[in-house]
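Asks: This one is upload39.cif, mmCIF, C-alpha atoms.
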```cif
data_final
loop_
_atom_site.label_atom_id
_atom_site.label_comp_id
_atom_site.auth_asym_id
_atom_site.auth_seq_id
_atom_site.Cartn_x
_atom_site.Cartn_y
_atom_site.Cartn_z
CA MET A 9 0.00 0.00 0.00
CA ALA A 10 1.71 3.16 -1.18
CA THR A 11 1.48 6.47 0.61
CA GLU A 12 0.80 9.77 -1.12
CA PRO A 13 4.03 11.61 -2.01
CA PHE A 14 4.57 14.98 -0.40
CA ASP A 15 3.65 17.78 -2.76
CA ALA A 16 4.80 21.23 -1.66
CA ALA A 17 2.49 22.81 -4.23
CA ASN A 18 -0.58 21.14 -2.73
CA PRO A 19 -1.70 23.30 0.21
CA MET A 20 -2.85 21.70 3.43
CA PRO A 21 -6.65 21.64 3.73
CA ARG A 22 -8.04 23.91 6.40
CA PHE A 23 -9.00 22.47 9.75
CA PRO A 24 -12.04 23.75 11.68
CA ALA A 25 -11.91 27.03 13.56
CA GLY A 26 -10.59 26.55 17.08
CA PHE A 27 -8.52 23.49 16.12
CA LEU A 28 -5.65 23.16 18.62
CA TRP A 29 -2.11 22.89 17.20
CA GLY A 30 0.71 21.77 19.45
CA VAL A 31 3.87 19.78 20.05
CA SER A 32 4.72 17.27 22.78
CA THR A 33 7.61 16.24 25.03
CA SER A 34 8.01 14.30 28.27
CA ALA A 35 9.88 15.13 31.46
CA HIS A 36 12.25 12.18 31.70
CA GLN A 37 13.22 12.47 28.05
CA ILE A 38 14.28 16.13 28.11
CA GLU A 39 14.62 17.64 31.58
CA GLY A 40 17.84 16.28 33.03
CA ALA A 41 18.61 17.74 36.48
CA VAL A 42 18.30 14.36 38.18
CA ASP A 43 19.89 15.85 41.30
CA ARG A 44 16.77 17.98 41.76
CA ARG A 45 14.33 15.07 42.06
CA GLU A 46 13.79 11.64 43.55
CA PRO A 47 14.88 8.63 41.46
CA SER A 48 12.39 7.02 39.10
CA VAL A 49 12.06 3.49 37.78
CA TRP A 50 13.80 4.72 34.64
CA ASP A 51 16.88 5.84 36.59
CA ALA A 52 17.20 2.35 38.05
CA PHE A 53 16.53 0.71 34.68
CA THR A 54 19.11 2.71 32.75
CA ALA A 55 21.71 2.04 35.45
CA GLU A 56 21.57 -1.67 34.60
CA PRO A 57 24.10 -2.61 31.87
CA GLY A 58 22.52 -3.62 28.58
CA ARG A 59 19.11 -2.09 29.22
CA VAL A 60 19.66 0.92 26.91
CA LYS A 61 21.09 0.25 23.47
CA ASP A 62 23.74 2.97 23.52
CA GLY A 63 24.36 2.66 27.26
CA SER A 64 23.15 6.21 27.89
CA THR A 65 20.97 7.71 30.61
CA ALA A 66 18.70 10.74 30.89
CA GLU A 67 20.92 12.37 33.52
CA VAL A 68 21.35 15.43 31.30
CA ALA A 69 19.14 14.67 28.28
CA CYS A 70 18.29 18.05 26.69
CA ASP A 71 18.93 19.97 29.93
CA HIS A 72 15.46 21.44 29.56
CA TYR A 73 15.33 22.08 33.30
CA HIS A 74 17.92 24.81 32.86
CA ARG A 75 17.11 25.77 29.24
CA TYR A 76 13.32 25.91 29.35
CA ARG A 77 13.23 29.60 28.43
CA GLU A 78 15.13 28.86 25.22
CA ASP A 79 12.74 26.01 24.46
CA VAL A 80 9.66 28.13 25.11
CA ALA A 81 11.09 30.67 22.67
CA LEU A 82 11.27 27.88 20.10
CA LEU A 83 7.61 27.10 20.74
CA ALA A 84 6.67 30.74 20.30
CA GLY A 85 8.70 30.95 17.10
CA LEU A 86 6.98 27.85 15.75
CA GLY A 87 3.59 29.42 16.29
CA VAL A 88 1.85 26.54 18.07
CA ASP A 89 -1.19 27.13 20.24
CA ALA A 90 -0.21 24.64 22.93
CA TYR A 91 2.65 22.70 24.46
CA ARG A 92 2.08 19.23 25.83
CA PHE A 93 4.77 18.45 28.40
CA SER A 94 4.78 16.05 31.33
CA ILE A 95 5.21 16.70 35.01
CA SER A 96 7.73 14.48 36.76
CA TRP A 97 6.09 12.82 39.75
CA PRO A 98 9.57 12.13 41.25
CA ARG A 99 10.39 15.84 40.94
CA VAL A 100 7.17 16.92 42.61
CA ARG A 101 7.95 14.56 45.51
CA SER A 102 11.20 16.47 46.06
CA GLU A 103 11.40 19.70 48.03
CA GLY A 104 10.59 22.64 45.78
CA GLY A 105 9.99 20.34 42.84
CA LEU A 106 6.85 22.12 41.70
CA ASP A 107 8.72 25.41 41.50
CA PHE A 108 10.17 24.40 38.14
CA TYR A 109 6.71 23.78 36.66
CA ASP A 110 5.50 27.07 38.12
CA ARG A 111 8.26 28.83 36.19
CA LEU A 112 7.63 26.83 33.03
CA VAL A 113 3.89 27.50 33.06
CA ASP A 114 4.46 31.21 33.66
CA GLU A 115 6.92 31.32 30.76
CA LEU A 116 4.45 29.54 28.46
CA CYS A 117 1.59 31.84 29.40
CA ALA A 118 3.77 34.90 28.83
CA ALA A 119 4.63 33.54 25.36
CA GLY A 120 0.98 32.94 24.49
CA VAL A 121 1.37 29.16 24.45
CA ARG A 122 -1.23 27.10 26.30
CA PRO A 123 0.29 24.68 28.85
CA VAL A 124 -1.07 21.12 28.56
CA PRO A 125 0.57 18.97 31.25
CA THR A 126 0.55 15.18 31.28
CA LEU A 127 0.57 13.99 34.87
CA PHE A 128 2.23 10.62 34.29
CA HIS A 129 4.53 9.74 31.40
CA TRP A 130 6.17 6.48 32.58
CA ASP A 131 8.61 7.97 35.14
CA LEU A 132 7.13 6.32 38.23
CA PRO A 133 8.86 7.17 41.53
CA LEU A 134 11.20 4.29 42.37
CA ALA A 135 9.50 3.78 45.73
CA LEU A 136 6.17 2.92 44.05
CA ASP A 137 4.89 -0.03 42.01
CA TRP A 138 1.89 -0.21 39.67
CA LEU A 139 1.33 -3.81 40.78
CA GLU A 140 0.13 -2.32 44.07
CA ARG A 141 -3.37 -0.86 44.17
CA ASP A 142 -2.24 1.84 46.59
CA THR A 143 -0.19 3.47 43.82
CA ALA A 144 -3.43 4.64 42.21
CA ALA A 145 -4.42 6.41 45.43
CA ARG A 146 -0.96 7.95 45.77
CA PHE A 147 -1.29 9.20 42.18
CA ALA A 148 -4.56 10.95 42.96
CA GLU A 149 -2.95 12.69 45.95
CA TYR A 150 -0.09 13.89 43.75
CA VAL A 151 -2.55 15.14 41.11
CA SER A 152 -4.41 17.15 43.74
CA VAL A 153 -1.16 18.84 44.81
CA VAL A 154 -0.27 19.74 41.21
CA ALA A 155 -3.76 20.98 40.37
CA GLU A 156 -3.87 23.20 43.44
CA ARG A 157 -0.55 24.80 42.46
CA LEU A 158 -1.02 25.16 38.70
CA GLY A 159 -4.78 25.12 38.19
CA ASP A 160 -5.08 28.91 38.08
CA ARG A 161 -3.13 28.90 34.79
CA VAL A 162 -3.64 25.38 33.40
CA GLN A 163 -7.02 24.52 31.93
CA LYS A 164 -6.28 21.45 29.78
CA TRP A 165 -5.00 18.32 31.58
CA ILE A 166 -3.87 14.84 30.56
CA THR A 167 -3.91 12.12 33.22
CA LEU A 168 -1.75 9.31 31.81
CA ASN A 169 0.38 8.67 28.76
CA GLU A 170 0.16 5.29 27.02
CA PRO A 171 -0.74 2.91 29.84
CA ALA A 172 -0.77 0.13 27.21
CA GLU A 173 2.94 0.52 26.41
CA HIS A 174 3.87 1.02 30.04
CA THR A 175 2.10 -2.24 30.86
CA LEU A 176 3.33 -4.25 27.88
CA LEU A 177 6.89 -3.01 27.52
CA GLY A 178 7.64 -2.22 31.16
CA HIS A 179 5.89 -5.04 32.97
CA ALA A 180 5.01 -7.85 30.53
CA LEU A 181 8.08 -8.00 28.25
CA GLY A 182 10.69 -6.21 30.38
CA ALA A 183 11.93 -4.02 27.53
CA HIS A 184 11.24 -0.76 29.38
CA ALA A 185 11.38 0.29 33.02
CA PRO A 186 10.80 -1.19 35.50
CA GLY A 187 12.03 -4.15 33.44
CA LYS A 188 9.61 -6.80 34.69
CA HIS A 189 8.90 -9.88 32.57
CA LEU A 190 5.49 -10.88 33.91
CA MET A 191 3.69 -11.64 30.65
CA PHE A 192 -0.07 -11.87 31.42
CA ASP A 193 0.57 -11.47 35.14
CA ALA A 194 1.09 -7.78 34.26
CA LEU A 195 -2.66 -7.25 33.83
CA PRO A 196 -3.04 -5.70 37.32
CA VAL A 197 -0.69 -2.93 36.12
CA ALA A 198 -3.19 -2.04 33.41
CA HIS A 199 -6.08 -2.04 35.88
CA HIS A 200 -4.28 0.07 38.47
CA GLN A 201 -3.25 2.65 35.87
CA LEU A 202 -6.82 2.90 34.62
CA LEU A 203 -8.02 3.24 38.21
CA ALA A 204 -5.41 5.97 38.75
CA HIS A 205 -6.78 7.77 35.71
CA GLY A 206 -10.31 7.73 37.12
CA LEU A 207 -9.17 8.90 40.53
CA ALA A 208 -7.14 11.65 38.87
CA VAL A 209 -10.19 12.82 36.92
CA ARG A 210 -12.08 13.09 40.21
CA ALA A 211 -9.20 14.98 41.82
CA LEU A 212 -8.99 17.40 38.90
CA ARG A 213 -12.75 17.97 38.94
CA ALA A 214 -12.55 18.71 42.66
CA ALA A 215 -9.92 21.33 41.83
CA GLY A 216 -12.24 22.92 39.27
CA ALA A 217 -10.83 21.45 36.04
CA THR A 218 -13.24 21.26 33.11
CA ASP A 219 -10.96 20.14 30.25
CA ILE A 220 -9.55 16.66 30.99
CA GLY A 221 -8.36 13.86 28.73
CA ILE A 222 -5.98 10.92 28.52
CA ALA A 223 -3.29 10.03 25.95
CA ASN A 224 -3.90 6.43 24.89
CA SER A 225 -1.90 4.80 22.11
CA HIS A 226 -3.94 3.13 19.39
CA GLY A 227 -3.54 1.77 15.90
CA PRO A 228 -5.45 -0.48 13.51
CA THR A 229 -4.70 -4.21 13.78
CA TRP A 230 -4.42 -5.96 10.43
CA PRO A 231 -4.58 -9.77 10.17
CA ALA A 232 -1.60 -11.23 8.34
CA SER A 233 -4.03 -13.20 6.16
CA ARG A 234 -7.65 -14.29 6.04
CA GLU A 235 -6.79 -17.62 7.60
CA PRO A 236 -8.85 -18.15 10.78
CA ALA A 237 -5.73 -18.51 12.96
CA ASP A 238 -4.37 -15.16 11.79
CA VAL A 239 -7.74 -13.42 12.17
CA GLU A 240 -8.12 -14.81 15.69
CA ALA A 241 -4.60 -13.74 16.67
CA ALA A 242 -5.18 -10.22 15.30
CA GLY A 243 -8.42 -9.97 17.25
CA PHE A 244 -6.66 -10.90 20.47
CA TYR A 245 -3.89 -8.35 19.84
CA ASP A 246 -6.50 -5.66 19.18
CA LEU A 247 -8.18 -6.64 22.45
CA LEU A 248 -4.95 -6.19 24.44
CA LEU A 249 -3.58 -3.04 22.84
CA ASN A 250 -6.72 -1.14 21.91
CA ARG A 251 -9.93 -2.30 23.58
CA LEU A 252 -8.42 -3.14 27.00
CA PHE A 253 -7.54 0.54 27.45
CA ALA A 254 -10.50 2.15 25.64
CA ASP A 255 -13.54 0.05 26.57
CA PRO A 256 -13.30 0.62 30.37
CA LEU A 257 -12.96 4.39 29.86
CA LEU A 258 -15.65 4.80 27.22
CA LEU A 259 -18.06 1.94 27.90
CA GLY A 260 -17.50 1.32 31.60
CA ARG A 261 -16.64 -2.34 31.11
CA TYR A 262 -13.75 -4.58 30.14
CA PRO A 263 -13.89 -6.65 26.96
CA ASP A 264 -15.38 -10.11 27.53
CA GLY A 265 -13.07 -12.39 29.49
CA LEU A 266 -10.72 -9.72 30.80
CA GLY A 267 -12.65 -8.26 33.71
CA GLU A 268 -12.43 -11.45 35.75
CA LEU A 269 -8.64 -11.37 35.40
CA MET A 270 -8.37 -8.00 37.11
CA PRO A 271 -7.76 -7.53 40.85
CA GLY A 272 -10.10 -6.06 43.44
CA ASP A 273 -13.76 -5.10 43.17
CA VAL A 274 -13.71 -4.59 39.41
CA GLU A 275 -17.34 -3.51 39.11
CA SER A 276 -16.84 -0.69 41.62
CA ASP A 277 -13.50 0.27 40.10
CA LEU A 278 -15.05 0.56 36.65
CA LYS A 279 -17.37 3.28 37.94
CA VAL A 280 -14.26 5.27 38.81
CA ILE A 281 -12.36 4.36 35.65
CA SER A 282 -15.25 5.51 33.44
CA GLU A 283 -15.55 8.97 34.99
CA PRO A 284 -16.57 11.19 32.06
CA ILE A 285 -13.72 12.94 30.28
CA ASP A 286 -13.94 15.98 28.04
CA TRP A 287 -11.89 14.61 25.17
CA TYR A 288 -10.04 11.45 24.22
CA GLY A 289 -6.34 11.64 23.32
CA VAL A 290 -4.92 9.31 20.70
CA ASN A 291 -1.21 8.66 20.14
CA TYR A 292 -0.89 7.23 16.62
CA TYR A 293 2.20 5.93 14.87
CA ALA A 294 1.29 2.94 12.68
CA PRO A 295 -0.99 -0.04 12.21
CA THR A 296 0.21 -3.48 13.34
CA ARG A 297 0.08 -6.59 11.16
CA VAL A 298 -0.56 -9.62 13.31
CA GLY A 299 -0.69 -13.35 12.68
CA ALA A 300 -0.78 -16.63 14.52
CA PRO A 301 2.22 -17.62 16.66
CA GLN A 302 5.20 -18.83 14.65
CA GLY A 303 6.79 -20.99 17.32
CA GLU A 304 9.87 -18.85 17.89
CA ASP A 305 10.86 -15.48 19.30
CA ILE A 306 10.59 -12.67 16.75
CA ASP A 307 12.70 -9.54 16.63
CA PHE A 308 10.40 -6.70 15.64
CA GLY A 309 11.95 -3.25 15.48
CA GLY A 310 14.43 -4.20 18.20
CA LEU A 311 11.69 -5.61 20.45
CA THR A 312 11.64 -9.34 21.10
CA ILE A 313 8.16 -10.82 20.75
CA PRO A 314 8.24 -14.07 22.76
CA ALA A 315 7.12 -17.29 21.10
CA GLU A 316 4.73 -18.08 23.96
CA LEU A 317 2.43 -15.16 23.12
CA PRO A 318 -0.76 -16.15 21.26
CA PHE A 319 0.13 -13.90 18.32
CA SER A 320 3.11 -12.80 16.26
CA VAL A 321 3.81 -9.35 14.85
CA ARG A 322 4.67 -9.27 11.14
CA GLN A 323 6.18 -6.69 8.83
CA ILE A 324 3.85 -4.50 6.77
CA GLU A 325 5.20 -4.79 3.25
CA GLY A 326 5.07 -2.26 0.45
CA VAL A 327 5.22 0.91 2.56
CA PRO A 328 8.09 3.25 3.50
CA VAL A 329 9.66 2.90 6.93
CA THR A 330 11.21 5.43 9.30
CA ASP A 331 14.79 5.22 10.57
CA PHE A 332 13.28 3.30 13.49
CA GLY A 333 11.89 0.75 11.05
CA TRP A 334 8.30 1.74 11.76
CA PRO A 335 5.92 1.59 8.77
CA VAL A 336 4.60 4.88 7.42
CA VAL A 337 0.85 4.43 6.90
CA PRO A 338 -1.03 7.76 7.16
CA GLU A 339 -4.31 6.20 6.04
CA GLY A 340 -4.16 4.03 9.15
CA LEU A 341 -4.99 7.15 11.16
CA THR A 342 -8.19 7.71 9.18
CA GLU A 343 -9.08 4.04 9.57
CA LEU A 344 -8.43 4.12 13.30
CA LEU A 345 -10.52 7.21 13.99
CA THR A 346 -13.48 6.24 11.84
CA GLY A 347 -13.31 2.76 13.39
CA PHE A 348 -13.44 4.25 16.89
CA ARG A 349 -16.41 6.39 15.89
CA ASP A 350 -18.22 3.30 14.62
CA ARG A 351 -17.28 1.18 17.66
CA TYR A 352 -18.06 3.70 20.40
CA GLY A 353 -20.65 5.98 18.81
CA ASP A 354 -21.81 8.77 21.09
CA ARG A 355 -19.68 7.38 23.94
CA LEU A 356 -16.60 8.69 22.13
CA PRO A 357 -15.89 12.29 23.18
CA PRO A 358 -14.08 14.75 20.90
CA VAL A 359 -10.68 13.42 19.84
CA VAL A 360 -7.26 15.07 20.09
CA ILE A 361 -4.19 13.51 18.47
CA THR A 362 -1.81 13.81 21.41
CA GLU A 363 1.20 12.28 19.62
CA ASN A 364 2.17 11.66 16.03
CA GLY A 365 5.71 11.74 14.71
CA CYS A 366 8.66 9.84 13.30
CA SER A 367 12.37 9.17 13.71
CA TYR A 368 14.66 10.43 10.95
CA GLU A 369 18.23 11.67 10.97
CA GLY A 370 19.39 14.97 9.57
CA ILE A 371 18.44 18.62 9.81
CA ASP A 372 17.10 18.82 6.24
CA ASP A 373 14.47 16.24 7.22
CA GLN A 374 12.29 16.07 4.13
CA GLU A 375 11.10 12.59 5.14
CA ARG A 376 9.59 14.03 8.34
CA ILE A 377 7.87 16.75 6.35
CA ALA A 378 6.33 14.13 4.06
CA TYR A 379 5.31 12.05 7.09
CA LEU A 380 3.59 14.93 8.88
CA ASP A 381 1.97 16.19 5.69
CA GLY A 382 0.51 12.76 4.98
CA HIS A 383 -0.79 12.26 8.49
CA LEU A 384 -2.37 15.70 8.71
CA ARG A 385 -4.22 15.03 5.45
CA ALA A 386 -5.33 11.66 6.82
CA LEU A 387 -6.57 13.41 9.96
CA HIS A 388 -8.47 15.91 7.85
CA ARG A 389 -10.15 13.03 5.97
CA ALA A 390 -11.28 11.60 9.30
CA SER A 391 -12.72 15.00 10.20
CA GLU A 392 -14.55 15.16 6.86
CA ALA A 393 -15.91 11.66 7.58
CA GLY A 394 -17.58 12.96 10.72
CA VAL A 395 -15.02 12.31 13.47
CA ASP A 396 -15.01 15.21 15.94
CA VAL A 397 -11.28 16.00 15.90
CA ARG A 398 -10.23 18.98 17.99
CA GLY A 399 -6.41 19.07 17.92
CA TYR A 400 -3.06 17.65 16.82
CA PHE A 401 0.26 17.47 18.70
CA VAL A 402 3.50 16.55 16.94
CA TRP A 403 5.95 14.26 18.70
CA SER A 404 8.31 15.90 19.39
CA LEU A 405 9.59 19.43 19.82
CA LEU A 406 13.15 18.26 20.57
CA ASP A 407 15.36 15.32 19.82
CA ASN A 408 15.55 13.53 23.15
CA PHE A 409 16.31 10.43 25.21
CA GLU A 410 14.28 7.81 23.40
CA TRP A 411 13.85 5.35 26.27
CA ALA A 412 15.56 2.00 25.66
CA GLU A 413 16.93 3.32 22.36
CA GLY A 414 18.92 6.01 24.15
CA TYR A 415 19.96 8.85 21.87
CA GLU A 416 20.04 6.82 18.66
CA ARG A 417 16.58 7.92 17.48
CA ARG A 418 15.67 11.50 16.64
CA PHE A 419 12.00 12.49 16.67
CA GLY A 420 12.45 16.25 17.07
CA LEU A 421 11.45 19.21 14.96
CA VAL A 422 14.53 20.76 16.57
CA HIS A 423 17.95 19.07 16.45
CA VAL A 424 19.81 18.85 19.75
CA ASP A 425 23.58 18.48 19.93
CA TYR A 426 23.83 16.50 23.15
CA THR A 427 27.43 17.61 23.74
CA THR A 428 26.89 21.36 23.44
CA GLN A 429 23.08 21.42 23.93
CA LYS A 430 22.81 23.64 20.86
CA ARG A 431 19.30 23.69 19.40
CA THR A 432 18.93 23.87 15.61
CA PRO A 433 15.46 24.02 14.04
CA LYS A 434 15.11 21.48 11.26
CA ALA A 435 13.43 21.89 7.89
CA SER A 436 10.31 20.29 9.40
CA TYR A 437 10.14 23.06 12.02
CA ASP A 438 10.07 25.69 9.26
CA TRP A 439 7.54 23.65 7.27
CA LEU A 440 5.17 23.30 10.23
CA ARG A 441 5.50 27.00 11.01
CA GLY A 442 4.34 27.70 7.46
CA VAL A 443 1.42 25.30 7.79
CA LEU A 444 0.29 26.98 11.01
CA ARG A 445 0.52 30.44 9.50
CA ALA A 446 -1.59 29.30 6.54
CA GLN A 447 -4.19 27.84 8.90
CA GLY A 448 -4.57 31.28 10.45
#
```
Just give me the structure of the file as structure tokens.

Replies:
Amino acid sequence: MATEPFDAANPMPRFPAGFLWGVSTSAHQIEGAVDRREPSVWDAFTAEPGRVKDGSTAEVACDHYHRYREDVALLAGLGVDAYRFSISWPRVRSEGGLDFYDRLVDELCAAGVRPVPTLFHWDLPLALDWLERDTAARFAEYVSVVAERLGDRVQKWITLNEPAEHTLLGHALGAHAPGKHLMFDALPVAHHQLLAHGLAVRALRAAGATDIGIANSHGPTWPASREPADVEAAGFYDLLLNRLFADPLLLGRYPDGLGELMPGDVESDLKVISEPIDWYGVNYYAPTRVGAPQGEDIDFGGLTIPAELPFSVRQIEGVPVTDFGWPVVPEGLTELLTGFRDRYGDRLPPVVITENGCSYEGIDDQERIAYLDGHLRALHRASEAGVDVRGYFVWSLLDNFEWAEGYERRFGLVHVDYTTQKRTPKASYDWLRGVLRAQG
């Protein structure tokens, strides 16, 4: 399936009035200043030899903690409406830790950029564990503290980022922090994160917030063939990566067969988990092609898919790939959003694309321009098809610490020299600035 080539002479279609344009980052990936916060599970993970491909850590990262004014100036120069960043729970637990976010929010407001904080983006305090139900309660307490401090200037909030990946990669497969290899015994992690989301929504409402969402990762699941075994495997994958994290929020129930695997009083918890939200955030990168198990471990984009799983992930052939090896399939975004509209109907609130981006080397990053152009057009097609889409955030503003990949992958609109910390806007930064100006 070929993607549309980028055509500089073909102007971007106009999005509805009030559409929110932004870029995203996360605390652990850019802030540095580890001496100013408690340790997180990622600090412990990266300290273990072999966990990160290039052996690096986020001890300095992009030094955003000290250079945030420079980075806010880049946001203002880009012309975005909003900046999605994350607040480090370990930093807030440290004395004076919220002072940094006070300064950052003030700087953003002064620059005319709306602050959109994510309250958890994988950097769990080392002293806590998502396998424990109490962590959800501790999260709600932390959210209350942050909302009380920043709620006079922050209107739009995101509770969690990608609980699916944090469960799968961090707790089931051990590829991310905290590095646990629990396989299906990781399901309580999913439940406790969803419970934390619901408790956080309640805490934010109590603080007066009226614009709350979540950033869930989703993508279409494509069977490797029409053979029943492949179709069944693809359905199970879709259940785990899409419906497990959307159905409880939007429908107030787990998919059939999963609720009884969760800990605690699930029926009562689901009433908390399904607290109404004002919009639904979607992180989209690519579809996944899935087939029946192949009887051996599979290396997929550097991630080992164990043979004992009841599915195998296959390559999508005939499409370009990023430097990360991820397939470039813009039309998958249209398919995903229209599919969600059909599946959830009026239970689906307005949608915001909270992440979409790609890894490419180089400052003259024409491939990233083509990627973003294609995905924005795909998003516009979803809007024309009746999906209520309210915003789009590019991942990411800056090149950064890309988790277990270290510094080998570059997702930024702005190049970062990690030795000198010099920021250099890429061609894609200039392109997006032009798009935003044309949108008006």

Asks: Need the shell around A:His388: protein/DNA/RNA residues with any atom at most 9 Å away, counting all atoms listed in the file. Skip same-chain ones fewer than 2 positions apart. Format as a PyMOL selection string?

Replies: chain A and resi 21-23+342+383-386+390-393+397

Asks: Determine the nearest neighbour of A:Ile220 from the options A:Asp350, A:Glu235, A:Glu316, A:Glu283, counting all atoms listed in the file.

Replies: A:Glu283

Asks: When distances are computed from only C-alpha atoms, which of A:Gly221, A:Asp193, A:Leu177, A:Arg161 shows the smallest separation from A:Leu139?

Replies: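 Selected residue with least distance to A:Leu139: A:Asp193.
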
Asks: Counting all atoms listed in the file, figure out which residue out of A:Ser436, A:Ser96, A:Thr33, A:Thr175 gets nearest to A:Asp137.

Replies: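 Smallest distance to A:Asp137 is found for A:Thr175.
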
Asks: Go through A:Tyr400, A:Phe147, A:Tyr76, A:Tyr415 one by one, measure the shortest atom-to-atom distance of each to A:Val100 using all atoms listed in the file, and give the residue with the smallest value.

Replies: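 With all atoms listed in the file as the atom set, the closest residue is A:Phe147.
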
Asks: Which residues fall under the PyMOL selection byres ((chain A and resi 291) around 8) in this file, as a list in words?

Replies: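 In the shown coordinates, the PyMOL selection byres ((chain A and resi 291) around 8) covers Glu170, Ala223, Asn224, Ser225, His226, Gly289, Val290, Tyr292, Tyr293, Ile361, Thr362, Glu363 and Asn364 of chain A.
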
Asks: Once the PyMOL selection byres ((chain A and resi 435) around 9) is applied to the coordinates I shared, what remains selected? I want it as a ChimeraX atom specification.

Replies: /A:371-374,376-377,421-422,433-434,436-440

Asks: If we count all atoms listed in the file and set the cut-off at 9 Å, which residues sit around A:Pro284, ignoring sequence neighbours fewer than 4 positions away in its own chain? Please answer as a list in words.

Replies: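 The neighbour list is Gly206, Val209, Ile220, Leu257, Leu258 and Pro357 of chain A.
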
Asks: Need the shell around stretch 78-88 of chain A: protein/DNA/RNA residues with any atom at most 6 Å away, counting all atoms listed in the file. Skip same-chain ones fewer than 3 positions apart. Format as an mmCIF file with C-alpha atoms, in the frame of the given file?

Replies:
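Contents of the output file around-v2.cif:
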```cif
data_model
loop_
_atom_site.group_PDB
_atom_site.id
_atom_site.type_symbol
_atom_site.label_atom_id
_atom_site.label_comp_id
_atom_site.auth_asym_id
_atom_site.auth_seq_id
_atom_site.Cartn_x
_atom_site.Cartn_y
_atom_site.Cartn_z
ATOM 1 C CA TRP A 29 -2.110 22.890 17.200
ATOM 2 C CA GLY A 30 0.710 21.770 19.450
ATOM 3 C CA ARG A 75 17.110 25.770 29.240
ATOM 4 C CA ARG A 441 5.500 27.000 11.010
#
```

Asks: Have a look at atom CA of A:Leu190 and atom CA of A:Pro295 and let me know their distance in Å, one decimal.

Replies: 25.1 Å
